[in-house]
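To be precise, the following lines are work.cif, and they hold mmCIF, C-alpha atoms and all ligand atoms.
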```cif
data_work
#
loop_
_atom_site.label_atom_id
_atom_site.label_comp_id
_atom_site.auth_asym_id
_atom_site.auth_seq_id
_atom_site.Cartn_x
_atom_site.Cartn_y
_atom_site.Cartn_z
CA MET A 1 -219.52 -14.06 96.04
CA THR A 2 -220.15 -10.90 94.04
CA ILE A 3 -220.86 -10.77 90.32
CA GLY A 4 -220.42 -7.49 88.46
CA ILE A 5 -223.15 -6.51 85.99
CA ILE A 6 -221.89 -3.89 83.56
CA SER A 7 -224.27 -1.91 81.38
CA HIS A 8 -224.98 1.67 80.31
CA PRO A 9 -228.06 3.71 79.32
CA ASP A 10 -226.23 4.69 76.08
CA CYS A 11 -226.65 1.07 74.93
CA LEU A 12 -230.45 1.61 74.86
CA LEU A 13 -230.21 4.48 72.38
CA HIS A 14 -228.77 2.47 69.49
CA GLU A 15 -231.70 1.43 67.27
CA MET A 16 -231.82 -0.07 63.78
CA GLY A 17 -235.56 0.34 63.10
CA SER A 18 -238.62 -0.82 65.02
CA MET A 19 -238.80 -4.19 63.22
CA HIS A 20 -235.14 -5.07 63.77
CA PRO A 21 -234.72 -8.04 66.15
CA GLU A 22 -231.60 -6.54 67.79
CA GLN A 23 -233.48 -3.90 69.77
CA PRO A 24 -233.13 -1.93 73.03
CA ALA A 25 -235.89 -3.97 74.71
CA ARG A 26 -233.43 -6.87 74.93
CA LEU A 27 -231.41 -5.07 77.60
CA ARG A 28 -234.54 -3.93 79.40
CA VAL A 29 -235.96 -7.45 79.81
CA ILE A 30 -232.58 -8.65 81.08
CA ASN A 31 -232.32 -5.81 83.60
CA GLU A 32 -235.84 -6.45 84.79
CA ALA A 33 -235.29 -10.19 85.16
CA LEU A 34 -232.02 -9.69 87.07
CA SER A 35 -233.53 -7.11 89.42
CA LYS A 36 -236.54 -9.34 90.19
CA SER A 37 -234.42 -12.47 90.71
CA ASP A 38 -233.16 -13.90 94.00
CA LEU A 39 -229.68 -13.11 92.75
CA LYS A 40 -230.01 -9.41 93.36
CA ALA A 41 -228.10 -9.38 96.64
CA ASP A 42 -225.04 -10.88 94.96
CA LEU A 43 -224.94 -8.45 92.06
CA LYS A 44 -222.95 -5.23 91.90
CA MET A 45 -223.98 -2.83 89.13
CA TYR A 46 -221.46 -0.79 87.12
CA GLU A 47 -221.84 1.76 84.31
CA ALA A 48 -219.69 0.85 81.32
CA ILE A 49 -216.69 3.00 80.40
CA LEU A 50 -215.97 4.01 76.79
CA ALA A 51 -213.35 1.97 74.92
CA THR A 52 -210.55 4.12 73.48
CA ARG A 53 -209.50 4.01 69.84
CA GLN A 54 -206.17 2.56 70.90
CA GLN A 55 -207.97 -0.31 72.67
CA LEU A 56 -210.12 -0.99 69.58
CA GLU A 57 -207.05 -0.90 67.34
CA ARG A 58 -205.54 -3.86 69.17
CA VAL A 59 -208.01 -6.05 67.23
CA HIS A 60 -209.36 -3.86 64.40
CA ASP A 61 -207.46 -2.17 61.56
CA ILE A 62 -206.91 1.57 62.15
CA ALA A 63 -208.65 2.31 58.83
CA TYR A 64 -211.71 0.26 59.84
CA VAL A 65 -212.03 2.06 63.21
CA GLU A 66 -211.77 5.36 61.34
CA GLN A 67 -214.45 4.18 58.88
CA VAL A 68 -216.93 3.45 61.72
CA PHE A 69 -216.24 6.78 63.46
CA HIS A 70 -216.60 8.57 60.14
CA ALA A 71 -219.85 6.78 59.20
CA SER A 72 -221.66 7.85 62.41
CA PRO A 73 -224.66 9.87 61.12
CA ALA A 74 -225.91 13.17 62.55
CA ARG A 75 -229.48 11.99 61.88
CA GLY A 76 -231.30 9.00 60.40
CA LEU A 77 -229.79 5.57 59.74
CA ILE A 78 -226.77 4.54 57.72
CA GLY A 79 -226.15 0.89 56.80
CA LEU A 80 -222.72 -0.74 57.11
CA ASP A 81 -224.13 -4.01 55.81
CA ALA A 82 -227.62 -5.33 54.98
CA ASP A 83 -228.62 -5.79 58.64
CA THR A 84 -226.13 -3.60 60.55
CA TRP A 85 -227.19 0.04 60.81
CA MET A 86 -225.93 3.10 62.69
CA ASN A 87 -228.13 5.82 64.18
CA PRO A 88 -226.66 8.94 65.84
CA TYR A 89 -226.21 7.02 69.13
CA THR A 90 -224.74 3.79 67.77
CA LEU A 91 -221.08 4.80 67.96
CA LYS A 92 -221.28 5.66 71.65
CA ALA A 93 -223.23 2.47 72.40
CA ALA A 94 -220.59 0.43 70.55
CA LEU A 95 -217.79 2.13 72.53
CA ARG A 96 -219.64 1.39 75.80
CA ALA A 97 -220.16 -2.25 74.77
CA ALA A 98 -216.44 -2.76 74.08
CA GLY A 99 -215.51 -0.64 77.12
CA ALA A 100 -217.66 -2.85 79.35
CA VAL A 101 -215.53 -5.90 78.55
CA ILE A 102 -212.31 -3.99 79.26
CA GLN A 103 -213.78 -2.84 82.56
CA GLY A 104 -214.89 -6.42 83.28
CA VAL A 105 -211.33 -7.66 82.81
CA ASP A 106 -209.98 -4.96 85.17
CA LEU A 107 -212.64 -5.69 87.83
CA VAL A 108 -212.04 -9.43 87.79
CA LEU A 109 -208.23 -9.17 87.75
CA SER A 110 -208.23 -6.64 90.60
CA GLY A 111 -210.32 -9.08 92.64
CA GLU A 112 -213.12 -6.56 93.15
CA VAL A 113 -215.59 -9.11 91.77
CA LYS A 114 -215.23 -12.80 91.00
CA SER A 115 -216.90 -12.67 87.61
CA VAL A 116 -218.74 -10.27 85.34
CA PHE A 117 -221.71 -10.24 82.96
CA CYS A 118 -221.79 -7.38 80.44
CA ASN A 119 -225.41 -6.53 79.60
CA VAL A 120 -224.55 -4.50 76.51
CA ARG A 121 -225.43 -4.00 72.86
CA PRO A 122 -224.59 -3.79 70.00
CA PRO A 123 -223.22 -7.34 70.12
CA GLY A 124 -219.73 -8.05 68.78
CA HIS A 125 -218.78 -11.58 67.76
CA HIS A 126 -219.47 -11.17 64.02
CA ALA A 127 -217.31 -8.02 63.72
CA GLU A 128 -214.08 -8.91 61.93
CA LYS A 129 -210.77 -7.02 61.89
CA ASN A 130 -212.04 -4.70 59.18
CA HIS A 131 -215.69 -5.56 58.64
CA ALA A 132 -218.99 -4.77 60.41
CA MET A 133 -221.66 -7.44 59.98
CA GLY A 134 -224.47 -9.34 61.64
CA PHE A 135 -225.57 -6.48 63.95
CA CYS A 136 -221.93 -6.05 65.16
CA PHE A 137 -219.56 -3.05 64.81
CA PHE A 138 -216.64 -3.69 67.18
CA ASN A 139 -215.78 -7.13 68.49
CA ASN A 140 -216.41 -6.46 72.17
CA ILE A 141 -215.10 -9.74 73.53
CA ALA A 142 -211.97 -9.59 71.35
CA VAL A 143 -211.26 -6.03 72.56
CA GLY A 144 -211.53 -7.27 76.17
CA ALA A 145 -209.42 -10.36 75.50
CA ALA A 146 -206.70 -8.25 73.85
CA HIS A 147 -206.75 -5.95 76.89
CA ALA A 148 -206.16 -8.96 79.15
CA LEU A 149 -203.29 -10.15 76.94
CA GLU A 150 -201.59 -6.81 76.25
CA GLN A 151 -202.34 -4.62 79.27
CA HIS A 152 -202.35 -7.35 81.92
CA GLN A 153 -199.85 -9.62 80.16
CA LEU A 154 -201.91 -12.79 80.57
CA LYS A 155 -200.31 -15.63 78.65
CA ARG A 156 -203.36 -17.74 77.79
CA ILE A 157 -207.05 -16.91 77.66
CA ALA A 158 -210.06 -18.86 76.39
CA ILE A 159 -213.20 -17.60 74.69
CA VAL A 160 -216.26 -19.85 74.76
CA ASP A 161 -219.07 -18.85 72.35
CA PHE A 162 -222.45 -20.63 72.60
CA ASP A 163 -224.41 -18.16 70.45
CA VAL A 164 -226.33 -20.03 67.72
CA HIS A 165 -224.28 -18.22 65.06
CA HIS A 166 -220.59 -18.92 64.44
CA GLY A 167 -218.32 -16.27 66.01
CA ASN A 168 -216.61 -15.57 62.70
CA GLY A 169 -215.26 -12.21 63.85
CA THR A 170 -213.59 -13.63 66.93
CA GLU A 171 -212.08 -16.43 64.84
CA ASP A 172 -210.89 -13.91 62.24
CA ILE A 173 -209.14 -11.83 64.90
CA PHE A 174 -207.48 -14.67 66.85
CA ALA A 175 -206.95 -17.32 64.15
CA LYS A 176 -203.18 -16.82 64.27
CA ASP A 177 -202.85 -16.09 68.01
CA SER A 178 -202.14 -19.30 69.87
CA ARG A 179 -202.50 -17.51 73.24
CA VAL A 180 -206.26 -17.66 72.61
CA LEU A 181 -208.34 -20.85 72.66
CA PHE A 182 -211.66 -20.22 70.91
CA CYS A 183 -214.49 -22.73 71.36
CA SER A 184 -217.64 -22.00 69.35
CA SER A 185 -220.87 -23.99 68.92
CA PHE A 186 -223.33 -22.93 66.24
CA GLN A 187 -226.11 -24.14 64.00
CA HIS A 188 -224.71 -25.24 60.63
CA PRO A 189 -225.29 -24.59 57.80
CA PHE A 190 -226.52 -21.17 58.93
CA TYR A 191 -225.48 -17.50 58.96
CA PRO A 192 -222.62 -16.54 58.55
CA PHE A 193 -221.85 -19.95 56.94
CA SER A 194 -218.29 -20.09 58.32
CA GLY A 195 -216.50 -22.22 60.88
CA ALA A 196 -217.27 -25.78 59.86
CA GLU A 197 -214.16 -26.02 57.68
CA THR A 198 -211.68 -24.43 60.10
CA LYS A 199 -208.53 -26.47 60.73
CA ASN A 200 -206.68 -24.89 63.60
CA GLN A 201 -205.58 -26.42 66.90
CA HIS A 202 -206.68 -23.51 69.07
CA ILE A 203 -209.96 -22.86 67.24
CA ILE A 204 -212.51 -25.50 68.21
CA ASN A 205 -215.67 -25.22 66.16
CA VAL A 206 -218.64 -27.43 66.94
CA PRO A 207 -221.35 -27.25 64.26
CA LEU A 208 -224.83 -28.26 65.49
CA PRO A 209 -227.38 -29.80 63.12
CA ILE A 210 -230.70 -28.08 62.46
CA GLY A 211 -233.11 -29.03 65.23
CA ALA A 212 -230.31 -29.76 67.74
CA THR A 213 -231.72 -30.24 71.23
CA GLY A 214 -230.08 -29.60 74.58
CA LYS A 215 -229.06 -33.27 74.66
CA VAL A 216 -227.13 -32.95 71.38
CA PHE A 217 -225.56 -29.66 72.53
CA ARG A 218 -224.45 -31.18 75.84
CA GLU A 219 -222.97 -34.26 74.17
CA LYS A 220 -220.99 -32.16 71.69
CA VAL A 221 -219.74 -29.71 74.32
CA THR A 222 -218.72 -32.57 76.59
CA SER A 223 -216.88 -34.50 73.89
CA GLN A 224 -215.29 -31.58 72.02
CA TRP A 225 -214.76 -28.60 74.35
CA LEU A 226 -214.48 -29.32 78.01
CA GLU A 227 -211.31 -31.37 78.18
CA GLN A 228 -209.48 -29.06 75.78
CA LEU A 229 -210.64 -26.01 77.71
CA LYS A 230 -209.22 -27.45 80.92
CA ASP A 231 -206.00 -28.71 79.31
CA PHE A 232 -205.33 -25.25 77.83
CA GLN A 233 -205.08 -23.85 81.40
CA PRO A 234 -206.43 -20.39 80.54
CA GLU A 235 -205.73 -17.59 83.02
CA MET A 236 -209.18 -16.12 82.33
CA ILE A 237 -212.26 -17.40 80.51
CA PHE A 238 -214.46 -15.16 78.38
CA ILE A 239 -217.96 -16.17 77.33
CA SER A 240 -219.74 -14.90 74.21
CA ALA A 241 -223.15 -15.46 75.76
CA GLY A 242 -225.73 -15.55 72.99
CA PHE A 243 -229.11 -17.04 73.83
CA ASP A 244 -230.49 -17.34 70.29
CA ALA A 245 -230.18 -21.15 70.19
CA HIS A 246 -233.23 -21.19 72.47
CA ALA A 247 -236.23 -23.19 71.20
CA LYS A 248 -238.38 -20.06 71.25
CA ASP A 249 -235.94 -17.85 69.32
CA GLN A 250 -237.25 -16.99 65.86
CA LEU A 251 -233.76 -16.50 64.41
CA SER A 252 -232.68 -20.13 64.70
CA ASN A 253 -233.83 -23.74 64.35
CA THR A 254 -232.27 -25.25 67.45
CA ALA A 255 -233.99 -26.20 70.68
CA LEU A 256 -231.98 -25.21 73.75
CA HIS A 257 -233.65 -24.17 77.01
CA GLU A 258 -232.76 -22.23 80.15
CA GLU A 259 -231.44 -25.44 81.80
CA ASP A 260 -228.96 -25.94 78.97
CA TYR A 261 -227.53 -22.45 79.49
CA ALA A 262 -227.29 -23.14 83.22
CA TRP A 263 -225.58 -26.46 82.46
CA VAL A 264 -222.93 -25.10 80.08
CA THR A 265 -222.22 -22.18 82.43
CA GLN A 266 -221.74 -24.56 85.38
CA LYS A 267 -219.29 -26.63 83.34
CA ILE A 268 -217.28 -23.53 82.33
CA LYS A 269 -217.42 -22.22 85.90
CA ALA A 270 -216.11 -25.52 87.32
CA ILE A 271 -213.12 -25.36 84.96
CA ALA A 272 -212.53 -21.67 85.77
CA ASP A 273 -212.56 -22.50 89.48
CA GLU A 274 -210.00 -25.24 88.91
CA VAL A 275 -207.57 -23.44 86.59
CA CYS A 276 -207.98 -19.65 86.93
CA GLN A 277 -209.48 -18.75 90.32
CA GLY A 278 -212.95 -18.62 88.81
CA ARG A 279 -212.18 -15.60 86.62
CA ILE A 280 -214.96 -15.27 84.04
CA VAL A 281 -216.00 -12.30 81.91
CA SER A 282 -219.26 -13.01 80.09
CA VAL A 283 -220.66 -10.76 77.37
CA LEU A 284 -224.14 -10.69 75.83
CA GLU A 285 -224.22 -11.53 72.12
CA GLY A 286 -227.53 -12.66 70.51
CA GLY A 287 -230.88 -13.70 71.99
CA TYR A 288 -234.02 -12.25 70.46
CA ALA A 289 -236.98 -14.02 72.11
CA LEU A 290 -237.91 -11.29 74.58
CA ASP A 291 -240.21 -13.56 76.59
CA VAL A 292 -237.37 -15.96 77.51
CA LEU A 293 -234.19 -13.86 77.22
CA GLY A 294 -234.41 -12.55 80.79
CA ARG A 295 -234.84 -16.07 82.19
CA CYS A 296 -231.90 -17.36 80.14
CA VAL A 297 -229.61 -14.64 81.50
CA VAL A 298 -230.77 -15.26 85.09
CA ALA A 299 -230.01 -19.00 84.62
CA HIS A 300 -226.57 -18.09 83.23
CA VAL A 301 -225.67 -15.56 85.95
CA ASP A 302 -227.07 -17.86 88.64
CA ALA A 303 -224.70 -20.59 87.45
CA LEU A 304 -221.76 -18.12 87.60
CA ASN A 305 -222.75 -17.52 91.21
CA ILE A 306 -222.48 -21.13 92.40
CA SER A 307 -219.28 -21.92 94.25
ZN ZN B 401 -226.48 -15.05 67.20
#
```

Give the structure from this file in structure tokens form.
Amino acid sequence: MTIGIISHPDCLLHEMGSMHPEQPARLRVINEALSKSDLKADLKMYEAILATRQQLERVHDIAYVEQVFHASPARGLIGLDADTWMNPYTLKAALRAAGAVIQGVDLVLSGEVKSVFCNVRPPGHHAEKNHAMGFCFFNNIAVGAAHALEQHQLKRIAIVDFDVHHGNGTEDIFAKDSRVLFCSSFQHPFYPFSGAETKNQHIINVPLPIGATGKVFREKVTSQWLEQLKDFQPEMIFISAGFDAHAKDQLSNTALHEEDYAWVTQKIKAIADEVCQGRIVSVLEGGYALDVLGRCVVAHVDALNIS
């Protein structure tokens, strides 16, 4: 079984300052770990395409897309919020990151690969319809999901988000679209302080207490996500794969490990195999502990590979 890995050198050129945790080295450690792993024979590498403005405008306001294009600096850094900065290469990296998910959808639906992992940055799940925040400019996974719904006419898709931060942008974009089931687990209370109050049948938010271990995470996912994910019968499953709930990650206070990422991926994969021919498009979100990020992604991709 072949898994597509989609990335692009442009994604390494976006930088927000040497002290910023969302840095190019994240993609490098992932690439290195994947190329050294036993998985290598099953992986097919692709260079990400650029998303078009029309594809972005399926989920973002036209004026917001224009604002990001217009803000792109010729030199130096320009801030769109306190921790989300553009350098001269950011716009192209952001278009590659969103384009990768579109390409992933096309590759999986054409049957060329069974599933896809997009090793891209900037991340996307905090980007709202008309608002950049939390290191995110365009909501990559939402752009890909909208492509599956509009271009490929899928009737139901699911997005599972296990990043330690609530996927507020994805919720913002799909809150009124019942074709999309969104399942998000996140530390709470914690940035961006949203999600815990949501009352919506197709938005399933699972707040995790500070200090949550893998055991707590597994219990909550089992009791609150898995059955609903299966019952929804999605035609494709997207994963916002953030690895910042890891015990070693400085940005959070939860204690997940590589095995927990393998576990949750296996559970999602088993449902995908049962209801949608195993179609999964996974997209990197957070994960800032460079010494474990590569191992987390290998555990995740390895679990996608099990039949
Ligand atoms: Zn995060």

For CA of Ile141 (chain A) and CA of Ser178 (chain A), quote the distance in Å rounded to one decimal.
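For CA of Ile141 (chain A) relative to CA of Ser178 (chain A), the distance reads 16.5 Å.
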
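Comparing A:His300, A:Lys155, A:Lys199, A:Lys248 by their smallest distance to Glu235 (chain A), the closest is A:Lys155 (using only C-alpha atoms).
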
Residues contacting ligand ZN 401 (chain B) - anything with an atom at most 8 Å away, using only C-alpha atoms and all ligand atoms - can you give me those as a ChimeraX atom specification?
/A:163-166,242-245,251,285-287

Quick one: residues within 9 Å of (-216.9, 7.2, 65.5) (file frame), counting only C-alpha atoms, please, as a list in words.
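Residues close enough to count: Val65, Glu66, Gln67, Val68, Phe69, His70, Ala71, Ser72, Thr90, Leu91, Lys92 and Leu95 of chain A.
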
Could you give me, as a list of chain:residue names, the residues within 12 Å of region 189-192 of chain A, counting all atoms listed in the file and dropping anything in the same chain fewer than 4 positions from it?
A:His125, A:His126, A:Ala127, A:Glu128, A:Met133, A:Gly134, A:Phe135, A:Asp163, A:Val164, A:His165, A:His166, A:Gly167, A:Asn168, A:Gly169, A:Ser185, A:Ala196, A:Glu197, A:Val206, A:Pro207, A:Leu208, A:Pro209, A:Ile210, A:Gly211, A:Ala245, A:Leu251, A:Ser252, A:Asn253, A:Thr254

Closest to Leu107 (chain A) among A:Ile271, A:Ala48, A:Ala33, A:Val301, using all atoms listed in the file?
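Among the listed residues, the smallest separation from Leu107 (chain A) belongs to A:Ala48.
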
For a quick check of understanding, using only C-alpha atoms, which of A:His14, A:His20, A:Lys114, A:Lys36 has the smallest distance to Val298 (chain A)?
A:Lys36
